[in-house]
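Okay, start-v9.tsv now, which holds TSV, C-alpha atoms and all ligand atoms:
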```tsv
chain	number	residue	atom	x	y	z
R	1	MET	CA	-10.64	-126.55	81.97
R	2	LEU	CA	-11.61	-122.98	81.21
R	3	ASP	CA	-14.56	-122.23	78.92
R	4	VAL	CA	-15.39	-118.61	78.16
R	5	ASP	CA	-18.03	-117.36	75.74
R	6	ILE	CA	-19.15	-113.85	76.67
R	7	LYS	CA	-20.15	-110.48	75.33
R	8	GLY	CA	-19.84	-107.30	77.31
R	9	GLN	CA	-19.11	-103.60	77.19
R	10	VAL	CA	-16.28	-101.68	78.88
R	11	GLY	CA	-16.62	-97.94	78.35
R	12	ALA	CA	-16.67	-97.49	74.59
R	13	LEU	CA	-15.15	-100.93	73.91
R	14	PRO	CA	-17.49	-103.80	73.02
R	15	LEU	CA	-15.87	-107.00	74.22
R	16	THR	CA	-16.58	-110.42	72.72
R	17	ALA	CA	-14.48	-113.31	74.02
R	18	ARG	CA	-14.73	-116.96	73.11
R	19	PHE	CA	-12.07	-119.55	74.00
R	20	LYS	CA	-11.58	-122.91	75.64
R	21	SER	CA	-8.49	-124.36	77.21
R	22	GLU	CA	-7.78	-127.72	78.73
R	23	GLY	CA	-6.14	-126.30	81.85
R	24	GLY	CA	-2.47	-125.67	82.51
R	25	VAL	CA	-1.45	-122.13	81.67
R	26	THR	CA	-3.62	-120.13	79.29
R	27	SER	CA	-2.09	-116.85	78.20
R	28	LEU	CA	-4.18	-113.90	77.21
R	29	PHE	CA	-2.05	-111.92	74.82
R	30	GLY	CA	-2.78	-108.58	73.22
R	31	GLN	CA	-1.55	-105.07	72.74
R	32	SER	CA	-2.23	-102.32	75.25
R	33	GLY	CA	-5.93	-101.43	75.31
R	34	ALA	CA	-7.00	-104.71	73.67
R	35	GLY	CA	-9.22	-105.48	76.65
R	36	LYS	CA	-7.15	-108.02	78.60
R	37	THR	CA	-7.77	-106.56	82.04
R	38	SER	CA	-11.46	-106.01	81.28
R	39	LEU	CA	-11.82	-109.65	80.25
R	40	THR	CA	-10.09	-110.93	83.40
R	41	ASN	CA	-12.31	-108.63	85.46
R	42	MET	CA	-15.35	-110.25	83.85
R	43	ILE	CA	-14.01	-113.71	84.66
R	44	ALA	CA	-13.24	-112.64	88.24
R	45	GLY	CA	-16.75	-111.19	88.66
R	46	LEU	CA	-15.66	-107.54	88.89
R	47	ILE	CA	-17.49	-106.58	85.68
R	48	ARG	CA	-20.72	-108.23	84.58
R	49	PRO	CA	-20.83	-109.45	80.98
R	50	VAL	CA	-24.03	-108.70	79.07
R	51	SER	CA	-24.50	-112.27	77.89
R	52	GLY	CA	-22.84	-115.68	77.67
R	53	ARG	CA	-21.17	-118.00	80.15
R	54	ILE	CA	-17.92	-118.63	82.02
R	55	THR	CA	-17.13	-122.10	83.30
R	56	VAL	CA	-14.07	-123.29	85.25
R	57	ASN	CA	-13.56	-127.04	85.61
R	58	GLY	CA	-17.25	-127.62	84.93
R	59	THR	CA	-18.47	-125.06	87.50
R	60	PRO	CA	-20.44	-122.19	85.96
R	61	LEU	CA	-19.29	-118.84	87.40
R	62	PHE	CA	-21.57	-116.90	85.08
R	63	ASP	CA	-24.40	-118.01	82.84
R	64	ALA	CA	-26.73	-115.26	81.63
R	65	ASP	CA	-29.35	-117.73	80.32
R	66	LYS	CA	-29.50	-119.60	83.64
R	67	ASN	CA	-29.28	-116.41	85.69
R	68	ILE	CA	-26.05	-117.53	87.35
R	69	ASN	CA	-23.66	-114.80	88.43
R	70	LEU	CA	-21.50	-115.92	91.33
R	71	ALA	CA	-20.25	-113.17	93.63
R	72	VAL	CA	-16.53	-112.38	93.48
R	73	GLN	CA	-15.76	-114.22	96.73
R	74	ASP	CA	-17.73	-117.29	95.64
R	75	ARG	CA	-15.81	-117.64	92.37
R	76	ARG	CA	-12.68	-118.79	94.22
R	77	ILE	CA	-10.30	-116.98	91.92
R	78	GLY	CA	-6.81	-116.04	93.04
R	79	HIS	CA	-5.98	-112.70	91.44
R	80	VAL	CA	-2.44	-111.39	91.14
R	81	PHE	CA	-2.26	-107.81	89.87
R	82	GLN	CA	0.60	-105.76	88.41
R	83	ASP	CA	1.16	-104.21	91.82
R	84	ALA	CA	1.34	-106.76	94.61
R	85	ARG	CA	-1.33	-105.12	96.86
R	86	LEU	CA	0.06	-106.63	100.07
R	87	PHE	CA	-0.98	-105.38	103.50
R	88	PRO	CA	1.87	-102.96	104.29
R	89	HIS	CA	1.61	-103.24	108.09
R	90	MET	CA	1.83	-107.04	108.10
R	91	SER	CA	4.87	-109.27	107.73
R	92	VAL	CA	5.11	-111.60	104.75
R	93	ARG	CA	4.12	-114.48	107.03
R	94	SER	CA	1.00	-112.62	108.21
R	95	ASN	CA	0.07	-111.66	104.66
R	96	LEU	CA	0.22	-115.33	103.73
R	97	SER	CA	-1.69	-116.56	106.78
R	98	TYR	CA	-4.36	-113.91	106.28
R	99	ALA	CA	-5.03	-115.28	102.80
R	100	ARG	CA	-5.44	-118.72	104.25
R	101	TRP	CA	-7.83	-117.45	106.87
R	102	ALA	CA	-9.76	-115.29	104.38
R	103	GLY	CA	-10.13	-118.28	102.05
R	104	ARG	CA	-11.76	-120.20	104.97
R	105	ARG	CA	-11.43	-123.43	103.09
R	106	LYS	CA	-9.42	-126.55	103.57
R	107	ALA	CA	-6.57	-125.50	101.33
R	108	THR	CA	-5.09	-128.16	99.09
R	109	ARG	CA	-1.62	-126.65	99.53
R	110	SER	CA	0.10	-126.20	102.86
R	111	MET	CA	1.83	-122.97	103.77
R	112	ASP	CA	5.16	-124.85	103.78
R	113	GLU	CA	4.59	-126.09	100.23
R	114	VAL	CA	3.80	-122.61	98.94
R	115	VAL	CA	6.75	-121.08	100.82
R	116	GLN	CA	9.01	-123.73	99.30
R	117	LEU	CA	7.56	-123.40	95.78
R	118	LEU	CA	8.11	-119.65	95.67
R	119	GLY	CA	11.31	-119.48	97.77
R	120	LEU	CA	9.68	-117.30	100.43
R	121	GLN	CA	11.40	-118.70	103.56
R	122	PRO	CA	14.02	-115.92	103.88
R	123	LEU	CA	11.32	-113.26	103.48
R	124	LEU	CA	8.77	-114.44	106.04
R	125	SER	CA	9.53	-111.97	108.83
R	126	ARG	CA	9.98	-108.95	106.54
R	127	LYS	CA	7.46	-106.18	105.81
R	128	PRO	CA	6.41	-105.56	102.17
R	129	ALA	CA	8.16	-102.14	102.07
R	130	THR	CA	11.54	-103.88	102.55
R	131	LEU	CA	11.06	-106.28	99.61
R	132	SER	CA	12.08	-105.84	95.98
R	133	GLY	CA	9.29	-105.63	93.40
R	134	GLY	CA	9.95	-109.23	92.31
R	135	GLU	CA	9.88	-110.50	95.90
R	136	ARG	CA	6.61	-108.67	96.53
R	137	GLN	CA	5.09	-110.33	93.47
R	138	ARG	CA	6.24	-113.76	94.69
R	139	VAL	CA	4.48	-113.09	98.01
R	140	ALA	CA	1.36	-111.92	96.15
R	141	ILE	CA	1.36	-115.16	94.13
R	142	GLY	CA	1.84	-117.19	97.34
R	143	ARG	CA	-1.05	-115.34	98.96
R	144	ALA	CA	-3.29	-116.03	95.98
R	145	LEU	CA	-2.37	-119.73	96.00
R	146	LEU	CA	-3.09	-120.07	99.71
R	147	SER	CA	-6.66	-118.87	99.27
R	148	ASP	CA	-7.20	-122.25	97.55
R	149	PRO	CA	-8.39	-120.89	94.21
R	150	ARG	CA	-10.02	-122.93	91.47
R	151	LEU	CA	-8.37	-120.55	88.97
R	152	LEU	CA	-5.35	-118.28	89.32
R	153	ILE	CA	-5.44	-115.09	87.27
R	154	MET	CA	-2.13	-113.30	86.89
R	155	ASP	CA	-2.60	-109.90	85.24
R	156	GLU	CA	0.81	-108.83	83.92
R	157	PRO	CA	2.57	-109.78	87.16
R	158	LEU	CA	5.96	-108.72	85.76
R	159	ALA	CA	4.84	-105.45	84.15
R	160	ASN	CA	6.23	-103.20	86.88
R	161	LEU	CA	9.59	-104.97	87.15
R	162	ASP	CA	12.83	-104.18	85.35
R	163	GLN	CA	14.47	-106.88	83.23
R	164	ALA	CA	16.81	-108.03	86.03
R	165	ARG	CA	13.89	-108.51	88.47
R	166	ARG	CA	11.89	-110.29	85.74
R	167	ASN	CA	14.74	-112.71	85.21
R	168	ASP	CA	14.83	-113.35	88.98
R	169	ILE	CA	11.14	-114.21	89.17
R	170	LEU	CA	10.72	-116.18	85.92
R	171	PRO	CA	12.24	-119.43	87.23
R	172	TYR	CA	9.68	-119.32	90.07
R	173	LEU	CA	6.91	-118.81	87.54
R	174	ASP	CA	8.26	-121.78	85.55
R	175	ARG	CA	7.89	-123.94	88.65
R	176	LEU	CA	4.54	-122.48	89.58
R	177	CYS	CA	3.14	-123.08	86.11
R	178	ALA	CA	4.44	-126.63	86.02
R	179	GLU	CA	3.41	-127.54	89.58
R	180	ALA	CA	0.42	-125.37	90.54
R	181	GLY	CA	-2.12	-128.07	89.73
R	182	ILE	CA	-4.80	-125.44	89.00
R	183	PRO	CA	-5.58	-123.64	85.76
R	184	ILE	CA	-3.75	-120.35	85.38
R	185	LEU	CA	-4.85	-117.44	83.20
R	186	TYR	CA	-1.74	-115.41	82.48
R	187	VAL	CA	-2.15	-111.93	81.02
R	188	SER	CA	0.76	-110.44	79.18
R	189	HIS	CA	1.81	-108.33	76.26
R	190	SER	CA	5.25	-109.97	76.24
R	191	ILE	CA	5.43	-112.77	73.71
R	192	GLU	CA	8.58	-114.04	75.44
R	193	GLU	CA	6.73	-114.66	78.69
R	194	VAL	CA	3.78	-116.19	76.88
R	195	ALA	CA	6.00	-118.54	74.85
R	196	ARG	CA	7.88	-119.55	77.94
R	197	LEU	CA	5.04	-120.23	80.34
R	198	SER	CA	1.86	-121.25	78.54
R	199	GLN	CA	0.24	-124.21	76.83
R	200	THR	CA	-2.70	-122.33	75.32
R	201	LEU	CA	-2.56	-118.89	73.78
R	202	VAL	CA	-5.62	-116.66	73.40
R	203	ILE	CA	-5.15	-113.61	71.20
R	204	LEU	CA	-7.13	-110.54	72.18
R	205	SER	CA	-7.35	-107.70	69.69
R	206	ASP	CA	-9.70	-104.68	69.84
R	207	GLY	CA	-11.96	-106.45	72.32
R	208	GLN	CA	-12.23	-109.63	70.23
R	209	THR	CA	-10.56	-113.04	70.47
R	210	PRO	CA	-9.77	-113.76	66.81
R	211	ALA	CA	-7.81	-116.94	67.57
R	212	TYR	CA	-6.79	-119.34	70.31
R	213	GLY	CA	-5.03	-122.70	70.48
R	214	PRO	CA	-1.81	-124.51	71.44
R	215	VAL	CA	0.93	-121.93	71.89
R	216	ALA	CA	3.41	-123.32	69.32
R	217	GLU	CA	0.64	-123.51	66.70
R	218	MET	CA	-0.47	-119.96	67.41
R	219	LEU	CA	3.02	-118.50	67.28
R	220	ALA	CA	3.59	-120.17	63.94
R	221	ARG	CA	0.59	-118.38	62.42
R	222	THR	CA	1.61	-115.56	60.13
R	223	ASP	CA	-1.91	-114.17	59.84
R	224	LEU	CA	-1.93	-112.85	63.41
R	225	GLY	CA	0.77	-110.23	62.88
R	226	LYS	CA	-1.44	-107.26	63.74
R	227	ALA	CA	-2.49	-108.77	67.03
R	228	THR	CA	0.86	-110.24	68.06
R	229	GLY	CA	3.13	-107.42	66.88
R	230	ARG	CA	5.44	-108.02	63.92
R	231	HIS	CA	8.71	-107.12	65.60
R	232	GLU	CA	8.24	-109.91	68.09
R	233	ALA	CA	7.33	-112.59	65.58
R	234	GLY	CA	8.95	-115.94	66.14
R	235	ALA	CA	8.25	-119.60	66.54
R	236	LEU	CA	8.45	-122.03	69.39
R	237	LEU	CA	10.50	-125.20	69.12
R	238	GLU	CA	10.13	-127.97	71.64
R	239	GLY	CA	12.95	-130.43	72.17
R	240	THR	CA	15.16	-132.21	74.65
R	241	VAL	CA	18.78	-131.65	75.61
R	242	SER	CA	20.97	-134.15	73.79
R	243	HIS	CA	24.34	-133.24	75.32
R	244	THR	CA	26.62	-130.33	76.06
R	245	ASP	CA	29.89	-129.91	74.23
R	246	SER	CA	31.86	-128.30	77.03
R	247	ALA	CA	34.97	-127.76	74.87
R	248	TRP	CA	32.99	-125.24	72.79
R	249	GLY	CA	30.38	-124.29	75.37
R	250	LEU	CA	27.45	-125.42	73.24
R	251	THR	CA	24.35	-127.36	74.23
R	252	HIS	CA	22.89	-129.59	71.53
R	253	ILE	CA	19.09	-129.76	71.49
R	254	ASN	CA	17.24	-132.53	69.71
R	255	ILE	CA	14.10	-131.08	68.11
R	256	GLY	CA	12.95	-134.34	66.50
R	257	GLY	CA	14.87	-135.22	63.38
R	258	ALA	CA	17.23	-132.24	63.70
R	259	THR	CA	19.65	-130.79	66.20
R	260	ILE	CA	20.11	-127.17	67.21
R	261	GLN	CA	23.23	-125.89	68.93
R	262	ILE	CA	22.84	-123.07	71.40
R	263	PRO	CA	25.07	-121.47	74.05
R	264	ASP	CA	25.53	-123.78	77.06
R	265	LEU	CA	22.38	-123.80	79.20
R	266	GLY	CA	23.76	-125.87	82.04
R	267	ALA	CA	20.90	-128.29	81.37
R	268	ALA	CA	21.10	-132.07	81.82
R	269	PRO	CA	20.72	-134.53	78.92
R	270	GLY	CA	17.05	-135.46	78.46
R	271	GLU	CA	15.76	-132.21	79.96
R	272	PRO	CA	12.78	-130.85	77.98
R	273	ILE	CA	13.43	-127.41	76.53
R	274	ARG	CA	11.42	-124.79	74.68
R	275	LEU	CA	13.23	-122.40	72.41
R	276	ARG	CA	11.69	-119.29	70.99
R	277	ILE	CA	13.41	-118.47	67.74
R	278	ARG	CA	12.74	-114.92	66.53
R	279	ALA	CA	11.86	-114.66	62.86
R	280	ARG	CA	14.46	-111.93	62.38
R	281	ASP	CA	17.23	-114.32	63.54
R	282	VAL	CA	16.45	-116.84	60.82
R	283	ALA	CA	17.82	-116.79	57.26
R	284	LEU	CA	17.05	-119.12	54.35
R	285	ALA	CA	19.26	-120.59	51.63
R	286	THR	CA	18.23	-122.53	48.56
R	287	GLU	CA	21.46	-124.57	48.64
R	288	VAL	CA	23.43	-125.93	51.58
R	289	PRO	CA	25.89	-123.07	52.11
R	290	LYS	CA	29.64	-123.62	52.36
R	291	GLY	CA	32.14	-121.60	54.36
R	292	LEU	CA	29.48	-120.12	56.63
R	293	SER	CA	29.85	-119.44	60.35
R	294	ILE	CA	26.19	-120.18	61.16
R	295	ARG	CA	26.12	-123.60	62.83
R	296	ASN	CA	22.42	-124.38	62.74
R	297	ARG	CA	21.52	-125.46	59.22
R	298	LEU	CA	18.27	-127.35	59.14
R	299	GLY	CA	16.52	-128.88	56.17
R	300	GLY	CA	13.06	-127.36	55.80
R	301	THR	CA	10.14	-126.90	53.45
R	302	ILE	CA	8.36	-123.60	52.85
R	303	ARG	CA	4.73	-123.84	53.99
R	304	SER	CA	3.59	-120.24	53.58
R	305	ILE	CA	4.79	-116.82	52.51
R	306	SER	CA	2.99	-113.78	53.88
R	307	GLU	CA	1.43	-111.37	51.42
R	308	GLU	CA	2.80	-108.00	52.40
R	309	SER	CA	3.41	-104.72	50.72
R	310	GLY	CA	6.35	-103.47	52.86
R	311	PRO	CA	9.99	-104.51	52.43
R	312	TYR	CA	9.67	-107.70	54.51
R	313	ALA	CA	8.04	-111.08	54.08
R	314	GLU	CA	7.43	-113.73	56.70
R	315	ILE	CA	8.05	-117.28	55.66
R	316	LEU	CA	6.86	-120.28	57.57
R	317	CYS	CA	8.99	-123.42	57.14
R	318	SER	CA	8.41	-126.89	58.48
R	319	VAL	CA	11.47	-128.59	59.94
R	320	GLY	CA	10.49	-132.15	60.80
R	321	GLU	CA	7.24	-131.74	62.71
R	322	GLN	CA	8.00	-128.23	63.93
R	323	MET	CA	7.58	-124.82	62.40
R	324	ILE	CA	10.14	-122.04	62.11
R	325	ARG	CA	9.43	-118.49	60.96
R	326	ALA	CA	11.87	-116.44	58.93
R	327	ARG	CA	11.60	-112.71	58.32
R	328	ILE	CA	13.48	-111.75	55.19
R	329	THR	CA	13.15	-109.08	52.54
R	330	ARG	CA	10.62	-109.49	49.78
R	331	ALA	CA	13.49	-108.77	47.41
R	332	SER	CA	15.24	-111.96	48.64
R	333	VAL	CA	12.03	-113.94	48.20
R	334	ALA	CA	11.96	-112.82	44.56
R	335	ASP	CA	15.73	-113.24	43.92
R	336	LEU	CA	15.80	-116.76	45.35
R	337	GLY	CA	12.53	-117.79	43.73
R	338	LEU	CA	11.10	-118.86	47.08
R	339	GLU	CA	7.67	-120.43	46.91
R	340	VAL	CA	5.45	-122.74	48.90
R	341	GLY	CA	6.67	-126.36	48.75
R	342	LYS	CA	10.29	-125.46	47.99
R	343	THR	CA	12.96	-127.13	50.14
R	344	VAL	CA	15.40	-124.76	51.80
R	345	THR	CA	18.16	-124.71	54.37
R	346	VAL	CA	17.02	-122.85	57.46
R	347	LEU	CA	19.89	-120.97	59.10
R	348	ILE	CA	19.79	-119.89	62.74
R	349	LYS	CA	22.71	-118.23	64.48
R	350	SER	CA	23.48	-120.05	67.73
R	351	VAL	CA	24.28	-116.79	69.48
R	352	ALA	CA	20.80	-115.47	68.66
R	353	ILE	CA	19.37	-117.96	71.13
R	354	ASP	CA	20.28	-116.72	74.55
R	355	LYS	CA	19.28	-117.91	77.96
R	356	ARG	CA	16.43	-115.45	78.22
R	357	GLN	CA	14.66	-117.18	75.36
R	358	ARG	CA	15.11	-120.65	76.70
R	359	ALA	CA	12.21	-122.05	78.58
R	360	PRO	CA	11.41	-125.42	80.05
R	361	VAL	CA	8.38	-127.20	78.66
R	362	PRO	CA	5.72	-126.79	81.36
R	363	GLY	CA	4.57	-130.19	82.67
H	1	LIG	N1	-13.93	-98.40	83.57
H	1	LIG	C1	-13.74	-98.05	82.29
H	1	LIG	N2	-14.47	-97.08	81.73
H	1	LIG	C2	-14.29	-96.72	80.45
H	1	LIG	N3	-13.41	-97.31	79.63
H	1	LIG	C3	-12.65	-98.30	80.14
H	1	LIG	C4	-12.76	-98.73	81.49
H	1	LIG	N4	-11.88	-99.72	81.70
H	1	LIG	C5	-11.23	-99.91	80.54
H	1	LIG	N5	-11.68	-99.06	79.60
H	1	LIG	C6	-11.22	-98.97	78.20
H	1	LIG	O1	-11.38	-100.25	77.62
H	1	LIG	C7	-10.26	-100.56	76.79
H	1	LIG	C8	-9.59	-101.86	77.25
H	1	LIG	O2	-8.93	-101.62	78.48
H	1	LIG	P1	-8.15	-102.78	79.24
H	1	LIG	O3	-7.55	-102.17	80.48
H	1	LIG	O4	-9.05	-103.94	79.43
H	1	LIG	O5	-7.03	-103.14	78.17
H	1	LIG	P2	-5.69	-103.99	78.37
H	1	LIG	O6	-5.59	-104.89	77.19
H	1	LIG	O7	-5.69	-104.65	79.71
H	1	LIG	O8	-4.60	-102.85	78.30
H	1	LIG	P3	-3.15	-102.73	79.06
H	1	LIG	O9	-2.26	-103.80	78.49
H	1	LIG	O10	-2.71	-101.34	78.67
H	1	LIG	O11	-3.40	-102.88	80.53
H	1	LIG	C9	-9.35	-99.35	76.83
H	1	LIG	O12	-9.62	-98.55	75.72
H	1	LIG	C10	-9.74	-98.66	78.11
H	1	LIG	O13	-9.52	-97.27	78.02
```
Using the file provided, produce a representation of the structure as structure tokens.
Amino acid sequence: MLDVDIKGQVGALPLTARFKSEGGVTSLFGQSGAGKTSLTNMIAGLIRPVSGRITVNGTPLFDADKNINLAVQDRRIGHVFQDARLFPHMSVRSNLSYARWAGRRKATRSMDEVVQLLGLQPLLSRKPATLSGGERQRVAIGRALLSDPRLLIMDEPLANLDQARRNDILPYLDRLCAEAGIPILYVSHSIEEVARLSQTLVILSDGQTPAYGPVAEMLARTDLGKATGRHEAGALLEGTVSHTDSAWGLTHINIGGATIQIPDLGAAPGEPIRLRIRARDVALATEVPKGLSIRNRLGGTIRSISEESGPYAEILCSVGEQMIRARITRASVADLGLEVGKTVTVLIKSVAIDKRQRAPVPG
């Protein structure tokens, strides 16, 4: 449980942050300069807020009214930065054991467990300079975990990696987020990472937290366009694998009352899956179309239409209990007579959903 309600100042930027999360992975999402790093530095004790309080699992780290301001080392926060910051002269094994020693606590996780979780065994005798950026970040995460933190802060851990290295490390982050057993604050300006890894999403915009809540709910909100970035708009569907049609190479995902077909994921029936569907990959029809190549045709109801002046409109549709966003032209909205409450067929191209957008539902 993470409870933050603080005001502070970083250079010229006044920062006011208020959010609560029930644990698991909380993502702090915002554009560059929104104040993400400054906020995590306040939580970690590197910058002092002017007022308010910060509580992790019931322990106050900072409370201006009660004059509580725990020192950085007493906050027990594992901090993973964009650059791994490993000791260059030490092997991976020594970097990990140093963290354990520096933590000086009875760690809840053994070295073997952490090595296993992050796939570090083949790297143990190597020096940081011989590792790839993704491998270095995995070691940095392992080191942070071994200091037995009460909270793990990851500040854009993938920011310095190219797409191929990101794809290498993401499955480890999936496991970490599902199995870490401690709250994680994950800072990112990639909506893909946020949608994949987190349960709670906190939006940070111009030093303010205008909204926070369950990630699927937040991504379905069309009023947060400025903070989340329009081009990335999409919605998160949660479902389970029904079966894979190997003749056509398609996995069928049950999203509760409807099925979506996507390129074969190699996932077993029953496996929980998250799918981020980008708004620009969704089209709407007022009648069930015939002679169309798009396989995913879901019955939906329009719940909101964004008021915009540009050429595009964002439409939020409910499909069963889930929400899907469509980005279409305002001209189409007018031509088709789309309005709130109208039933539509939601069309999603199967090929638009690739493996990079698939994500397991964190446990
Ligand atoms: N020590 C400082 N002194 C003065 N201004 C600062 C300081 N640190 C940060 N700022 C300013 O505060 C604002 C927020 O910076 P911050 O690094 O927290 O943003 P961010 O959301 O983490 O950005 P990015 O995604 O680019 O890392 C920026 O305008 C930055 O220039």
(message) Just want the 12 Å neighbourhood of Arg280 in chain R, counted on all atoms listed in the file, with same-chain residues fewer than 6 positions away dropped. Output as a PyMOL selection string.
(response) chain R and resi 230-235+312-315+324-329+347-349+352-353
Please identify all polymer residues within 9 Å of Tyr172 in chain R, counting all atoms listed in the file, omitting same-chain residues fewer than 2 positions from it, and present them as a PDB file with C-alpha atoms, in the frame of the given file.
```pdb
ATOM      1  CA  LEU R 117       7.560-123.400  95.780  1.00  0.00           C
ATOM      2  CA  LEU R 118       8.110-119.650  95.670  1.00  0.00           C
ATOM      3  CA  GLY R 119      11.310-119.480  97.770  1.00  0.00           C
ATOM      4  CA  ARG R 138       6.240-113.760  94.690  1.00  0.00           C
ATOM      5  CA  ASP R 168      14.830-113.350  88.980  1.00  0.00           C
ATOM      6  CA  ILE R 169      11.140-114.210  89.170  1.00  0.00           C
ATOM      7  CA  LEU R 170      10.720-116.180  85.920  1.00  0.00           C
ATOM      8  CA  ASP R 174       8.260-121.780  85.550  1.00  0.00           C
ATOM      9  CA  ARG R 175       7.890-123.940  88.650  1.00  0.00           C
ATOM     10  CA  LEU R 176       4.540-122.480  89.580  1.00  0.00           C
ATOM     11  CA  CYS R 177       3.140-123.080  86.110  1.00  0.00           C
TER      12      CYS R 177
END
```
From CA of Gln261 in chain R to CA of Arg295 in chain R the spacing works out at 7.1 Å
Check: Using all atoms listed in the file, which protein or nucleic acid residues are at most 10 Å from ligand LIG 1 (chain H), as a PyMOL selection string?
Finding: chain R and resi 9-15+28-42+47+82+155-156+159+187-190+204-207
Hey, can you pull every residue with an atom no more than 8 Å from (4.8, -119.9, 78.5), using all atoms listed in the file, and send it as number ranges by chain?
R: 25, 27, 192-199, 215, 359, 362
Quick one: residues within 12 Å of Thr345 in chain R, all atoms listed in the file, excluding same-chain residues fewer than 2 positions away - as a PyMOL selection string? chain R and resi 282-290+294-302+317-319+324+326+338+342-343+347-348
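You can rank R:Leu219, R:Gly249, R:Arg274, R:Arg93 by their closest distance to Met323 in chain R using only C-alpha atoms, and at the top of that list sits R:Leu219.
Counting from CA of His252 in chain R, the distance to CA of Gly24 in chain R is 27.9 Å.
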Mind checking which residues fall within 10 Å of Met111 in chain R, counting all atoms listed in the file, ignoring those fewer than 6 positions away in the same chain, and posting them as number ranges by chain? R: 93, 96-97, 100, 117, 142-143, 145-146
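Here the question is which of R:Gly133, R:Ala144, R:Arg276, R:Ala178 gets nearest to Val114 in chain R using only C-alpha atoms, and that residue is R:Ala144.
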The distance between CA of Arg18 in chain R and CA of Gly78 in chain R is 21.5 Å
Exercise. Write out as a list in words which residues come within 10 Å of Gly213 in chain R when counting all atoms listed in the file, dropping same-chain ones fewer than 2 positions away.
Key: Phe19, Lys20, Ser21, Thr26, Gln199, Thr200, Leu201, Val202, Ile203, Ala211, Val215, Ala216, Glu217, Met218 and Leu219 of chain R
Of R:Asp63, R:Glu238, R:Asp83, R:Asp74, the one nearest to Glu135 in chain R when counting all atoms listed in the file is R:Asp83
Problem set entry | Counting all atoms listed in the file, the option among R:Lys66, R:Arg303, R:Arg150, R:Arg166 closest to Pro183 in chain R |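 For Pro183 in chain R, the nearest of the candidates is R:Arg150.
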